[in-house]
Amino acid sequence: MKKKKKYCGKIIIVGNQNSGKSTLLNKIIGKKISITSNKKNTTQENIIGIKTQKNYQFIYIDTPGFNIKNKMSKNFINKTLNFKNNIFRNLKIMILVIDNLIWNNKYDNLINFFKKKNIFIFIIINKIDKIKKKIKMLPFIKYIYKKYKINKIIPISSKTGENINVLEKLLYNYIPKKKHDFEIKKNSKISIKKIIHECIRETIMRYFGDELPYVNVIKVHSIKKNKNNEKIINVFIFIKNNRQKKIFIGKNGKKIKLYSMISRKNLEKILNKKIHLFLWIKIKK
């Protein structure tokens with residue numbers, strides 16, 4: 001009996017802050033593995049999502065968003081897209097996510113960089129559910145095609161899922177023959193400690209507003225199991241001073257109870273297990 005040929009390829013997702021990269025990745029994988037928020041700098045490091053469909057394996061790399069207002073590219077490319085890093089070895093496809101019908105010249109360096117490396121380029125116009133005058137999309141797509149001769153330009157909505165299946169079908173044509181890098185059941189390369197860390201960080205970013213700086217030290221202190229095989233998770237959150245500690249805990253502990261409950265429910269969905277989560281607020285010495 002002949003063995004089926006296997007296909008495997010890496011796909012990098014890049015874009016400006018809040019363009020919807022992480023939501024796109026979660027939709028494709030069908031599971032929450034990358035945190036989302038309307039705050040800037042939500043994704044702070046590369047997140048890997050793995051999707052295996054029969055003999056095809058797609059390895060997606062969600063990168064930190066760049067600030068479109070800043071001088072971009074060489075610095076961003078050298079730091080974020082460090083091709084000496086094993087994570088980018090054998091990279092085949094780049095997906096550039098933009099979230100409006102305005103072409104920024106700072107995308108040019110990115111596209112030229114990937115073209116020089118002979119990497120296939122897809123351009124995703126995201127958040128089309130928010131575009132009222134959709135008639136403007138066609139001239140915008142024609143402009144990009146004329147500028148770069150890229151014909152893989154797909155309008156999508158990572159929120160509603162519109163046209164994501166179109167993107168996925170096209171990707172099959174560009175995945176090379178190669179043994180799978182990961183076992184079939186795996187859909188993320190993130191450790192359980194990292195999942196817990198990111199889930200709690202997302203809760204803080206979503207519900208704290210501007211009361212506290214986002215950069216708090218979150219440390220997963222312990223993960224144990226009880227007699228019912230339920231996970232008991234203790235997490236330390238380090239705060240700068242007593243004033244911040246009071247804000248974080250809230251009156252009669254209301255805020256910390258809310259964050260704990262939201263994080264616990266999100267983690268149970270991700271891990272598909274009953275857990276007991278305990279958040280401990282400590283002042284960083």
# chains A, B, ... in the order shown; residues from 1 in each chain; ligands from 1

call {"tool": "residues_around", "arguments": {"residues": "Ile98 in chain A", "least_positions_apart": "3", "cutoff": "8 Å", "atoms": "only C-alpha atoms", "output": "number ranges by chain"}}
result
A: 15-16, 19, 123-126

call {"tool": "write_last_selection", "arguments": {"atoms": "C-alpha atoms", "output": "PDB file, in the first residue's frame"}}
result
ATOM      1  CA  GLY A  15       0.488  43.393  10.225  1.00  0.00           C
ATOM      2  CA  ASN A  16       0.073  46.577  12.168  1.00  0.00           C
ATOM      3  CA  SER A  19      -5.238  44.634  12.549  1.00  0.00           C
ATOM      4  CA  ILE A 123      -2.513  40.323   1.344  1.00  0.00           C
ATOM      5  CA  ILE A 124      -5.572  40.190   3.574  1.00  0.00           C
ATOM      6  CA  ILE A 125      -7.943  43.140   3.803  1.00  0.00           C
ATOM      7  CA  ASN A 126      -9.453  42.468   7.217  1.00  0.00           C
TER       8      ASN A 126
END

call {"tool": "residues_around", "arguments": {"residues": "Asn266 in chain A", "least_positions_apart": "2", "cutoff": "12 Å", "atoms": "only C-alpha atoms", "output": "PDB file with N, CA and C atoms, in the first residue's frame"}}
result
ATOM      1  N   LYS A  31      -9.598  27.368  17.601  1.00  0.00           N
ATOM      2  CA  LYS A  31      -9.386  27.333  19.048  1.00  0.00           C
ATOM      3  C   LYS A  31      -8.618  28.579  19.444  1.00  0.00           C
ATOM      4  N   LYS A  32      -8.883  29.075  20.639  1.00  0.00           N
ATOM      5  CA  LYS A  32      -8.187  30.277  21.093  1.00  0.00           C
ATOM      6  C   LYS A  32      -6.778  29.915  21.549  1.00  0.00           C
ATOM      7  N   ILE A  33      -5.789  30.361  20.771  1.00  0.00           N
ATOM      8  CA  ILE A  33      -4.404  30.117  21.180  1.00  0.00           C
ATOM      9  C   ILE A  33      -3.613  31.409  21.256  1.00  0.00           C
ATOM     10  N   ILE A  35      -3.920  35.635  22.209  1.00  0.00           N
ATOM     11  CA  ILE A  35      -4.825  36.529  22.905  1.00  0.00           C
ATOM     12  C   ILE A  35      -5.183  37.718  22.038  1.00  0.00           C
ATOM     13  N   ILE A 195       0.038  29.311  28.182  1.00  0.00           N
ATOM     14  CA  ILE A 195      -1.396  29.511  27.938  1.00  0.00           C
ATOM     15  C   ILE A 195      -2.037  30.205  29.132  1.00  0.00           C
ATOM     16  N   ILE A 196      -1.720  29.736  30.340  1.00  0.00           N
ATOM     17  CA  ILE A 196      -2.266  30.347  31.565  1.00  0.00           C
ATOM     18  C   ILE A 196      -1.824  31.803  31.670  1.00  0.00           C
ATOM     19  N   HIS A 197      -0.538  32.021  31.452  1.00  0.00           N
ATOM     20  CA  HIS A 197       0.034  33.377  31.518  1.00  0.00           C
ATOM     21  C   HIS A 197      -0.683  34.312  30.552  1.00  0.00           C
ATOM     22  N   GLU A 198      -0.827  33.879  29.286  1.00  0.00           N
ATOM     23  CA  GLU A 198      -1.421  34.734  28.259  1.00  0.00           C
ATOM     24  C   GLU A 198      -2.905  34.980  28.515  1.00  0.00           C
ATOM     25  N   CYS A 199      -3.602  33.975  29.022  1.00  0.00           N
ATOM     26  CA  CYS A 199      -5.028  34.102  29.301  1.00  0.00           C
ATOM     27  C   CYS A 199      -5.274  35.147  30.395  1.00  0.00           C
ATOM     28  N   ILE A 200      -4.459  35.116  31.441  1.00  0.00           N
ATOM     29  CA  ILE A 200      -4.594  36.083  32.531  1.00  0.00           C
ATOM     30  C   ILE A 200      -4.185  37.481  32.063  1.00  0.00           C
ATOM     31  N   ARG A 201      -3.143  37.539  31.225  1.00  0.00           N
ATOM     32  CA  ARG A 201      -2.707  38.839  30.707  1.00  0.00           C
ATOM     33  C   ARG A 201      -3.794  39.462  29.841  1.00  0.00           C
ATOM     34  N   GLU A 202      -4.474  38.626  29.064  1.00  0.00           N
ATOM     35  CA  GLU A 202      -5.562  39.133  28.232  1.00  0.00           C
ATOM     36  C   GLU A 202      -6.685  39.706  29.095  1.00  0.00           C
ATOM     37  N   THR A 203      -7.027  39.001  30.178  1.00  0.00           N
ATOM     38  CA  THR A 203      -8.084  39.480  31.081  1.00  0.00           C
ATOM     39  C   THR A 203      -7.719  40.837  31.659  1.00  0.00           C
ATOM     40  N   TYR A 259     -11.708  39.089  37.718  1.00  0.00           N
ATOM     41  CA  TYR A 259     -10.622  38.666  36.833  1.00  0.00           C
ATOM     42  C   TYR A 259     -10.350  37.177  36.964  1.00  0.00           C
ATOM     43  N   SER A 260     -10.431  36.695  38.202  1.00  0.00           N
ATOM     44  CA  SER A 260     -10.191  35.279  38.446  1.00  0.00           C
ATOM     45  C   SER A 260     -11.263  34.422  37.770  1.00  0.00           C
ATOM     46  N   MET A 261     -12.522  34.853  37.887  1.00  0.00           N
ATOM     47  CA  MET A 261     -13.632  34.094  37.299  1.00  0.00           C
ATOM     48  C   MET A 261     -13.542  34.086  35.773  1.00  0.00           C
ATOM     49  N   ILE A 262     -13.272  35.263  35.176  1.00  0.00           N
ATOM     50  CA  ILE A 262     -13.183  35.354  33.711  1.00  0.00           C
ATOM     51  C   ILE A 262     -12.020  34.514  33.194  1.00  0.00           C
ATOM     52  N   SER A 263     -10.870  34.633  33.851  1.00  0.00           N
ATOM     53  CA  SER A 263      -9.688  33.858  33.426  1.00  0.00           C
ATOM     54  C   SER A 263      -9.941  32.369  33.557  1.00  0.00           C
ATOM     55  N   ARG A 264     -10.590  31.970  34.658  1.00  0.00           N
ATOM     56  CA  ARG A 264     -10.866  30.541  34.882  1.00  0.00           C
ATOM     57  C   ARG A 264     -11.774  29.993  33.781  1.00  0.00           C
ATOM     58  N   GLU A 268     -10.784  27.122  31.057  1.00  0.00           N
ATOM     59  CA  GLU A 268     -11.533  25.857  30.974  1.00  0.00           C
ATOM     60  C   GLU A 268     -11.961  25.571  29.536  1.00  0.00           C
ATOM     61  N   LYS A 269     -12.302  26.629  28.791  1.00  0.00           N
ATOM     62  CA  LYS A 269     -12.656  26.452  27.374  1.00  0.00           C
ATOM     63  C   LYS A 269     -11.444  26.016  26.561  1.00  0.00           C
ATOM     64  N   ILE A 270     -10.308  26.660  26.829  1.00  0.00           N
ATOM     65  CA  ILE A 270      -9.092  26.358  26.071  1.00  0.00           C
ATOM     66  C   ILE A 270      -8.573  24.959  26.393  1.00  0.00           C
ATOM     67  N   LEU A 271      -8.516  24.638  27.687  1.00  0.00           N
ATOM     68  CA  LEU A 271      -7.938  23.361  28.122  1.00  0.00           C
ATOM     69  C   LEU A 271      -8.947  22.219  28.114  1.00  0.00           C
ATOM     70  N   ASN A 272     -10.233  22.607  28.014  1.00  0.00           N
ATOM     71  CA  ASN A 272     -11.310  21.611  28.019  1.00  0.00           C
ATOM     72  C   ASN A 272     -11.272  20.754  29.285  1.00  0.00           C
ATOM     73  N   LYS A 273     -10.976  21.419  30.412  1.00  0.00           N
ATOM     74  CA  LYS A 273     -10.902  20.727  31.700  1.00  0.00           C
ATOM     75  C   LYS A 273     -11.407  21.646  32.809  1.00  0.00           C
ATOM     76  N   LYS A 274     -11.894  21.035  33.853  1.00  0.00           N
ATOM     77  CA  LYS A 274     -12.295  21.780  35.045  1.00  0.00           C
ATOM     78  C   LYS A 274     -11.036  22.218  35.788  1.00  0.00           C
ATOM     79  N   ILE A 275     -10.964  23.511  36.133  1.00  0.00           N
ATOM     80  CA  ILE A 275      -9.794  23.990  36.868  1.00  0.00           C
ATOM     81  C   ILE A 275     -10.220  24.839  38.066  1.00  0.00           C
ATOM     82  N   LEU A 277      -8.636  28.166  39.864  1.00  0.00           N
ATOM     83  CA  LEU A 277      -7.603  29.176  39.663  1.00  0.00           C
ATOM     84  C   LEU A 277      -7.536  30.122  40.854  1.00  0.00           C
TER      85      LEU A 277
END

call {"tool": "closest_residue", "arguments": {"among": "A:Lys231, A:Lys219, A:Lys106, A:Lys130", "to": "Lys194 in chain A", "atoms": "only C-alpha atoms"}}
result
A:Lys219

call {"tool": "closest_residue", "arguments": {"among": "A:Lys117, A:Lys225, A:Lys149, A:Lys21", "to": "Phe66 in chain A", "atoms": "only C-alpha atoms"}}
result
A:Lys21

call {"tool": "closest_residue", "arguments": {"among": "A:Phe88, A:Tyr56, A:Phe248, A:Trp280", "to": "Glu168 in chain A", "atoms": "only C-alpha atoms"}}
result
A:Tyr56

call {"tool": "atom_distance", "arguments": {"atom1": "CA of Lys27 in chain A", "atom2": "CA of Ile204 in chain A"}}
result
22.4 Å

call {"tool": "atom_distance", "arguments": {"atom1": "CA of Asn46 in chain A", "atom2": "CA of Ile111 in chain A"}}
result
19.3 Å

call {"tool": "select_by_dssp", "arguments": {"residues": "range 57-281 of chain A", "states": "alpha helix (DSSP H)", "output": "mmCIF file with C-alpha atoms, in the first residue's frame"}}
result
data_model
loop_
_atom_site.group_PDB
_atom_site.id
_atom_site.type_symbol
_atom_site.label_atom_id
_atom_site.label_comp_id
_atom_site.auth_asym_id
_atom_site.auth_seq_id
_atom_site.Cartn_x
_atom_site.Cartn_y
_atom_site.Cartn_z
ATOM 1 C CA LYS A 74 14.498 47.472 8.914
ATOM 2 C CA ASN A 75 14.443 47.568 12.691
ATOM 3 C CA PHE A 76 11.148 45.645 12.837
ATOM 4 C CA ILE A 77 12.265 43.080 10.284
ATOM 5 C CA ASN A 78 15.648 42.501 11.901
ATOM 6 C CA LYS A 79 14.201 42.049 15.391
ATOM 7 C CA THR A 80 10.813 40.421 14.788
ATOM 8 C CA LYS A 106 5.673 51.288 5.215
ATOM 9 C CA TYR A 107 4.239 48.031 3.870
ATOM 10 C CA ASP A 108 6.643 48.364 0.920
ATOM 11 C CA ASN A 109 9.761 47.351 2.854
ATOM 12 C CA LEU A 110 7.981 44.281 4.182
ATOM 13 C CA ILE A 111 6.823 43.132 0.759
ATOM 14 C CA ASN A 112 10.230 43.740 -0.824
ATOM 15 C CA PHE A 113 11.884 41.827 2.012
ATOM 16 C CA PHE A 114 9.717 38.734 1.484
ATOM 17 C CA LYS A 115 9.920 38.947 -2.302
ATOM 18 C CA LYS A 116 13.717 38.796 -2.131
ATOM 19 C CA MET A 137 -12.535 47.719 -2.330
ATOM 20 C CA LEU A 138 -12.099 46.910 -6.021
ATOM 21 C CA PRO A 139 -10.074 50.073 -6.898
ATOM 22 C CA PHE A 140 -7.929 49.453 -3.788
ATOM 23 C CA ILE A 141 -7.236 45.834 -4.813
ATOM 24 C CA LYS A 142 -6.403 46.977 -8.374
ATOM 25 C CA TYR A 143 -3.971 49.544 -6.947
ATOM 26 C CA ILE A 144 -2.084 46.880 -4.935
ATOM 27 C CA TYR A 145 -1.996 44.506 -7.907
ATOM 28 C CA LYS A 146 -0.650 47.207 -10.222
ATOM 29 C CA LYS A 147 2.000 48.155 -7.651
ATOM 30 C CA TYR A 148 3.265 44.617 -6.831
ATOM 31 C CA ILE A 164 -11.440 32.732 5.677
ATOM 32 C CA ASN A 165 -12.275 29.423 3.953
ATOM 33 C CA VAL A 166 -11.258 31.059 0.631
ATOM 34 C CA LEU A 167 -7.861 31.933 2.130
ATOM 35 C CA GLU A 168 -7.355 28.420 3.518
ATOM 36 C CA LYS A 169 -8.222 26.731 0.204
ATOM 37 C CA LEU A 170 -5.686 28.879 -1.647
ATOM 38 C CA LEU A 171 -2.956 28.052 0.876
ATOM 39 C CA ILE A 192 0.360 25.072 29.442
ATOM 40 C CA LYS A 193 2.160 27.641 31.625
ATOM 41 C CA LYS A 194 2.317 30.030 28.668
ATOM 42 C CA ILE A 195 -1.396 29.511 27.938
ATOM 43 C CA ILE A 196 -2.266 30.347 31.565
ATOM 44 C CA HIS A 197 0.034 33.377 31.518
ATOM 45 C CA GLU A 198 -1.421 34.734 28.259
ATOM 46 C CA CYS A 199 -5.028 34.102 29.301
ATOM 47 C CA ILE A 200 -4.594 36.083 32.531
ATOM 48 C CA ARG A 201 -2.707 38.839 30.707
ATOM 49 C CA GLU A 202 -5.562 39.133 28.232
ATOM 50 C CA THR A 203 -8.084 39.480 31.081
ATOM 51 C CA ILE A 204 -6.018 42.237 32.674
ATOM 52 C CA MET A 205 -5.687 44.102 29.370
ATOM 53 C CA ARG A 206 -9.374 43.830 28.546
ATOM 54 C CA TYR A 207 -10.849 44.790 31.907
ATOM 55 C CA PHE A 208 -8.358 47.110 33.549
ATOM 56 C CA ASN A 242 0.305 49.211 47.578
ATOM 57 C CA ARG A 243 -1.715 51.792 45.653
ATOM 58 C CA GLN A 244 -1.759 49.596 42.562
ATOM 59 C CA LYS A 245 -2.527 46.575 44.715
ATOM 60 C CA LYS A 246 -5.673 48.255 46.065
ATOM 61 C CA ILE A 247 -6.786 49.203 42.547
ATOM 62 C CA PHE A 248 -6.169 45.686 41.312
ATOM 63 C CA ILE A 249 -8.046 43.976 44.132
ATOM 64 C CA LYS A 254 -14.642 42.538 43.690
ATOM 65 C CA LYS A 255 -12.166 43.151 40.895
ATOM 66 C CA ILE A 256 -9.791 40.312 41.657
ATOM 67 C CA LYS A 257 -12.772 37.932 41.942
ATOM 68 C CA LEU A 258 -14.024 39.110 38.540
ATOM 69 C CA TYR A 259 -10.622 38.666 36.833
ATOM 70 C CA SER A 260 -10.191 35.279 38.446
ATOM 71 C CA MET A 261 -13.632 34.094 37.299
ATOM 72 C CA ILE A 262 -13.183 35.354 33.711
ATOM 73 C CA SER A 263 -9.688 33.858 33.426
ATOM 74 C CA ARG A 264 -10.866 30.541 34.882
ATOM 75 C CA LYS A 265 -13.775 30.250 32.419
ATOM 76 C CA ASN A 266 -11.547 31.111 29.459
ATOM 77 C CA LEU A 267 -8.926 28.593 30.557
ATOM 78 C CA GLU A 268 -11.533 25.857 30.974
ATOM 79 C CA LYS A 269 -12.656 26.452 27.374
ATOM 80 C CA ILE A 270 -9.092 26.358 26.071
ATOM 81 C CA LEU A 271 -7.938 23.361 28.122
#

call {"tool": "atom_distance", "arguments": {"atom1": "CA of Ile13 in chain A", "atom2": "CA of Ile154 in chain A"}}
result
14.0 Å

call {"tool": "residues_around", "arguments": {"residues": "Phe238 in chain A", "least_positions_apart": "3", "cutoff": "8 Å", "atoms": "only C-alpha atoms", "output": "list of chain:residue names"}}
result
A:Asn216, A:Val217, A:Ile218, A:Ile281, A:Lys282, A:Ile283, A:Lys284

call {"tool": "closest_residue", "arguments": {"among": "A:Phe278, A:Ser22, A:Lys159, A:Asp181", "to": "His221 in chain A", "atoms": "only C-alpha atoms"}}
result
A:Phe278
